[in-house]
>>> print(open('upload27.txt').read())   # compact mmCIF, C-alpha atoms
# COMPACT_ATOMS: atom_id res chain seq x y z
CA MET P 1 33.97 60.05 53.00
CA ALA P 2 33.05 63.69 53.07
CA PHE P 3 34.24 64.08 49.45
CA VAL P 4 31.98 61.25 48.20
CA LYS P 5 29.03 62.51 50.28
CA SER P 6 29.58 66.06 49.02
CA ALA P 7 29.71 64.86 45.41
CA LEU P 8 26.51 62.88 45.91
CA LYS P 9 24.77 65.93 47.32
CA ARG P 10 25.89 68.02 44.32
CA ALA P 11 24.68 65.30 41.96
CA TYR P 12 21.35 65.22 43.83
CA ARG P 13 20.83 68.95 43.25
CA ARG P 14 21.43 68.47 39.51
CA LEU P 15 18.78 65.86 38.91
CA PRO P 16 15.96 66.99 36.62
CA ILE P 17 12.49 67.47 38.06
CA GLY P 18 10.42 64.37 37.54
CA GLY P 19 13.33 62.02 38.17
CA ALA P 20 11.62 60.52 41.20
CA LEU P 21 13.09 57.08 40.66
CA ALA P 22 16.57 58.54 40.30
CA VAL P 23 16.03 60.58 43.48
CA LEU P 24 15.02 57.42 45.35
CA MET P 25 18.10 55.57 44.06
CA LEU P 26 20.38 58.46 44.97
CA THR P 27 18.74 58.68 48.40
CA ALA P 28 19.53 55.00 48.91
CA VAL P 29 23.15 55.63 47.93
CA VAL P 30 23.37 58.62 50.31
CA ALA P 31 21.80 56.50 53.08
CA ALA P 32 24.29 53.72 52.40
CA VAL P 33 27.16 56.21 52.41
CA SER P 34 25.90 57.66 55.72
CA GLN P 35 25.64 54.16 57.19
CA ASP P 36 29.15 53.30 56.03
CA GLU P 37 30.41 56.51 57.58
CA ALA P 38 28.79 55.65 60.89
CA ASP P 39 30.01 52.03 60.78
CA ALA P 40 33.39 52.18 59.13
CA LYS P 41 34.33 55.87 59.52
CA LYS P 42 35.88 55.74 56.06
CA SER P 43 34.83 55.91 52.43
CA ASP P 44 34.57 52.90 50.17
CA ILE P 45 35.75 54.87 47.13
CA ILE P 46 39.11 56.50 47.62
CA PRO P 47 38.72 60.04 46.28
CA PRO P 48 41.45 61.53 44.10
CA ALA P 49 44.32 63.17 45.92
CA ALA P 50 44.11 66.75 47.15
CA PRO P 51 45.32 69.46 44.76
CA ALA P 52 48.62 69.91 46.66
CA ALA P 53 49.54 66.22 46.15
CA GLU P 54 50.56 64.41 42.97
CA PRO P 55 48.72 65.40 39.78
CA LEU P 56 45.28 63.81 39.48
CA TRP P 57 45.91 62.81 35.86
CA SER P 58 48.85 60.51 35.18
CA LYS P 59 50.36 60.14 31.73
CA GLU P 60 50.68 56.69 30.17
CA CYS P 61 52.14 55.72 26.81
CA VAL P 62 51.87 52.41 25.00
CA GLN P 63 53.21 51.30 21.65
CA ARG P 64 50.79 50.89 18.76
CA PRO P 65 51.13 47.88 16.43
CA ASN P 66 52.82 50.16 13.86
CA GLY P 67 55.45 51.19 16.44
CA THR P 68 54.22 54.74 17.10
CA PRO P 69 53.44 55.80 20.66
CA LEU P 70 49.87 56.22 21.90
CA CYS P 71 49.72 58.51 24.91
CA TYR P 72 46.84 59.50 27.16
CA VAL P 73 46.16 60.74 30.67
CA GLN P 74 44.20 58.69 33.14
CA GLN P 75 42.60 58.70 36.56
CA PHE P 76 41.37 55.77 38.66
CA ALA P 77 38.76 55.35 41.41
CA ILE P 78 39.48 52.55 43.88
CA SER P 79 37.07 50.76 46.23
CA GLN P 80 38.53 50.01 49.64
CA GLN P 81 35.84 47.40 50.30
CA GLN P 82 36.46 45.51 47.05
CA LYS P 83 40.18 46.38 47.00
CA ALA P 84 39.79 46.92 43.28
CA VAL P 85 39.65 49.63 40.64
CA VAL P 86 35.98 50.54 40.12
CA LEU P 87 36.56 53.07 37.36
CA ARG P 88 39.31 54.03 34.94
CA VAL P 89 39.00 57.20 32.88
CA GLN P 90 41.45 57.80 30.03
CA VAL P 91 41.48 60.95 27.93
CA GLY P 92 43.76 61.51 24.98
CA TYR P 93 44.31 61.41 21.26
CA MET P 94 43.51 57.71 20.89
CA GLY P 95 42.26 56.19 17.69
CA PRO P 96 43.00 57.41 14.18
CA PRO P 97 45.46 60.32 13.90
CA ASP P 98 42.70 62.87 13.30
CA GLY P 99 43.56 65.21 16.16
CA GLN P 100 40.26 64.43 17.92
CA PRO P 101 40.48 63.81 21.66
CA ARG P 102 38.64 60.77 22.98
CA VAL P 103 37.54 59.48 26.37
CA LEU P 104 37.75 55.78 27.23
CA ILE P 105 35.91 54.73 30.36
CA THR P 106 36.37 51.28 31.84
CA ALA P 107 33.92 50.02 34.47
CA PRO P 108 34.08 46.63 36.21
CA LEU P 109 32.53 43.48 34.83
CA GLY P 110 29.02 42.84 36.13
CA ILE P 111 27.44 46.15 35.16
CA ALA P 112 24.08 46.33 33.40
CA LEU P 113 25.06 46.82 29.78
CA GLN P 114 21.71 48.22 28.61
CA ALA P 115 21.98 51.13 31.08
CA GLY P 116 25.22 52.37 29.52
CA ILE P 117 27.65 54.64 31.33
CA ARG P 118 26.42 58.14 32.20
CA LEU P 119 28.70 61.17 32.46
CA THR P 120 27.63 64.41 34.10
CA LEU P 121 30.02 67.36 33.87
CA ASP P 122 29.34 69.97 36.54
CA ASN P 123 25.72 71.13 36.01
CA ASP P 124 25.37 70.00 32.41
CA LYS P 125 22.88 67.56 30.98
CA PRO P 126 24.03 63.94 31.46
CA LEU P 127 25.57 62.19 28.49
CA VAL P 128 24.81 58.46 28.26
CA LEU P 129 27.38 56.38 26.39
CA PRO P 130 26.69 52.80 25.31
CA VAL P 131 28.93 50.05 26.61
CA GLN P 132 30.84 48.94 23.52
CA SER P 133 32.69 45.87 24.76
CA CYS P 134 33.59 43.86 27.83
CA ARG P 135 36.94 42.17 28.29
CA LYS P 136 38.72 40.76 31.32
CA GLU P 137 39.80 44.31 32.28
CA GLY P 138 36.18 45.49 32.40
CA CYS P 139 33.42 46.99 30.26
CA GLU P 140 34.39 49.92 28.06
CA THR P 141 32.95 52.84 26.20
CA LEU P 142 34.93 55.09 23.88
CA ALA P 143 33.68 58.45 22.63
CA VAL P 144 35.08 61.22 20.47
CA LEU P 145 35.03 64.52 22.33
CA GLY P 146 33.86 67.28 20.00
CA LYS P 147 35.11 70.83 20.52
CA ASP P 148 32.17 71.81 22.74
CA VAL P 149 32.47 68.70 24.93
CA ILE P 150 36.26 68.80 25.27
CA GLY P 151 35.92 72.46 26.25
CA LYS P 152 33.60 71.44 29.08
CA PHE P 153 36.03 68.70 30.15
CA MET P 154 38.92 71.15 30.22
CA THR P 155 37.12 73.90 32.13
CA GLY P 156 34.97 71.67 34.33
CA LYS P 157 35.57 70.88 37.97
CA LEU P 158 33.82 67.55 38.52
CA MET P 159 32.59 64.69 36.38
CA VAL P 160 30.26 62.16 37.95
CA VAL P 161 30.33 58.79 36.23
CA ARG P 162 27.37 56.49 36.82
CA TYR P 163 27.00 52.87 35.94
CA VAL P 164 24.51 50.34 37.22
CA TYR P 165 25.54 47.04 38.72
CA ALA P 166 23.23 44.32 37.48
CA ASP P 167 22.78 43.00 41.03
CA ARG P 168 23.39 46.07 43.24
CA GLY P 169 21.96 49.10 41.49
CA PRO P 170 23.59 52.40 40.45
CA LEU P 171 26.94 53.72 41.57
CA ASP P 172 27.99 57.36 41.11
CA ILE P 173 31.74 57.99 41.11
CA PRO P 174 33.14 61.53 41.28
CA ILE P 175 36.16 62.28 39.09
CA ARG P 176 37.90 65.61 39.61
CA LEU P 177 38.85 67.39 36.41
CA ASP P 178 41.54 69.62 37.97
CA GLY P 179 44.68 69.55 35.84
CA LEU P 180 43.07 67.86 32.83
CA ASP P 181 43.42 71.01 30.73
CA SER P 182 47.20 71.27 31.14
CA ALA P 183 47.67 67.47 30.86
CA LEU P 184 45.81 67.37 27.53
CA LYS P 185 47.67 70.41 26.19
CA ALA P 186 50.98 68.68 27.02
CA LEU P 187 49.79 65.52 25.23
CA GLN P 188 48.76 67.49 22.18
CA ASP P 189 52.08 69.37 22.10
CA ASN P 190 54.01 66.09 22.31
CA SER P 191 51.96 64.44 19.52
CA HIS P 192 53.12 66.90 16.83
>>> encode(input="upload27.txt", output="structure tokens")
Amino acid sequence: MAFVKSALKRAYRRLPIGGALAVLMLTAVVAAVSQDEADAKKSDIIPPAAPAAEPLWSKECVQRPNGTPLCYVQQFAISQQQKAVVLRVQVGYMGPPDGQPRVLITAPLGIALQAGIRLTLDNDKPLVLPVQSCRKEGCETLAVLGKDVIGKFMTGKLMVVRYVYADRGPLDIPIRLDGLDSALKALQDNSH
């Protein structure tokens, strides 16, 4: 619980001046988190494991239609209350064999599509990605990570992913970036 509350506080400090509505929404989330802490004494979102545990980013490979492997690293956020995955982040060399890393984010069905999915890396300006499709696994956005952006991913500490539930409002989910640099380098080395 402390991890989620800490991440929310950090996200709160990063909001631009004039974002009064966003501050009110974040305050409601912090209040809800505080209430959950008082009531349940545990977090709804299971934070990623501590650095001494298993790696945060797990490698997955699938076979492409042409028989070649497609490998990426991924991290999940799980809701204890819903007993479901509330976010899946995949980073790798997906798509055409152009050497460009990509991020694929999958959020649950029921999100407000017009709001998109917002990524905030450490103290940087938020990047809003459009939702490109929804399937039974969830709603997805895929983006090419240019050299400047992938550099921020690889040196960053925390990414906060925000999506808005159509009926419940915004949800900010912290994703730790520890170990992403070495995981991506290993993927790139194995793809040549």
>>> closest_residue(input="upload27.txt", among="P:Val73, P:Val91, P:Leu184, P:Ile78", to="P:Leu145", atoms="all atoms listed in the file")
P:Val91
>>> closest_residue(input="upload27.txt", among="P:Ala143, P:Val62, P:Leu109, P:Leu177", to="P:Gly156", atoms="all atoms listed in the file")
P:Leu177
>>> closest_residue(input="upload27.txt", among="P:Asn123, P:Thr106, P:Thr68, P:Gln114", to="P:Val86", atoms="all atoms listed in the file")
P:Thr106
>>> residues_around(input="upload27.txt", residues="P:Pro174", least_positions_apart="4", cutoff="7 Å", atoms="only C-alpha atoms", output="ChimeraX atom specification")
/P:7,158-161
>>> atom_distance(input="upload27.txt", atom1="atom CA of P:Lys125", atom2="atom CA of P:Leu87")
20.9 Å
>>> closest_residue(input="upload27.txt", among="P:Val149, P:Leu142, P:Ile111, P:Ala77", to="P:Pro126", atoms="only C-alpha atoms")
P:Val149
>>> atom_distance(input="upload27.txt", atom1="atom CA of P:Val103", atom2="atom CA of P:Val144")
6.6 Å
>>> atom_distance(input="upload27.txt", atom1="atom CA of P:Leu121", atom2="atom CA of P:Asp181")
14.2 Å
>>> residues_around(input="upload27.txt", residues="P:Trp57", least_positions_apart="6", cutoff="9 Å", atoms="only C-alpha atoms", output="ChimeraX atom specification")
/P:73-76,90,177-180,183
>>> build_atoms(input="upload27.txt", residues="stretch 109-122 of chain P", atoms="N, CA and C atoms", output="tab-separated table (two decimals), in the coordinates of the input")
chain	number	residue	atom	x	y	z
P	109	LEU	N	33.46	44.47	35.35
P	109	LEU	CA	32.53	43.48	34.83
P	109	LEU	C	31.35	43.37	35.79
P	110	GLY	N	30.19	43.00	35.28
P	110	GLY	CA	29.02	42.84	36.13
P	110	GLY	C	28.07	44.02	36.10
P	111	ILE	N	28.36	45.01	35.25
P	111	ILE	CA	27.44	46.15	35.16
P	111	ILE	C	26.32	45.81	34.18
P	112	ALA	N	25.20	46.50	34.32
P	112	ALA	CA	24.08	46.33	33.40
P	112	ALA	C	24.42	47.03	32.09
P	113	LEU	N	24.61	46.26	31.04
P	113	LEU	CA	25.06	46.82	29.78
P	113	LEU	C	24.04	47.76	29.15
P	114	GLN	N	22.76	47.41	29.25
P	114	GLN	CA	21.71	48.22	28.61
P	114	GLN	C	21.61	49.62	29.21
P	115	ALA	N	22.06	49.81	30.44
P	115	ALA	CA	21.98	51.13	31.08
P	115	ALA	C	23.06	52.07	30.55
P	116	GLY	N	24.13	51.53	30.00
P	116	GLY	CA	25.22	52.37	29.52
P	116	GLY	C	26.00	52.98	30.67
P	117	ILE	N	26.86	53.92	30.34
P	117	ILE	CA	27.65	54.64	31.33
P	117	ILE	C	27.31	56.12	31.16
P	118	ARG	N	26.89	56.74	32.25
P	118	ARG	CA	26.42	58.14	32.20
P	118	ARG	C	27.49	59.07	32.77
P	119	LEU	N	27.76	60.14	32.02
P	119	LEU	CA	28.70	61.17	32.46
P	119	LEU	C	27.93	62.46	32.70
P	120	THR	N	28.20	63.10	33.83
P	120	THR	CA	27.63	64.41	34.10
P	120	THR	C	28.78	65.35	34.45
P	121	LEU	N	28.97	66.37	33.64
P	121	LEU	CA	30.02	67.36	33.87
P	121	LEU	C	29.41	68.58	34.54
P	122	ASP	N	29.86	68.85	35.76
P	122	ASP	CA	29.34	69.97	36.54
P	122	ASP	C	27.81	69.98	36.49
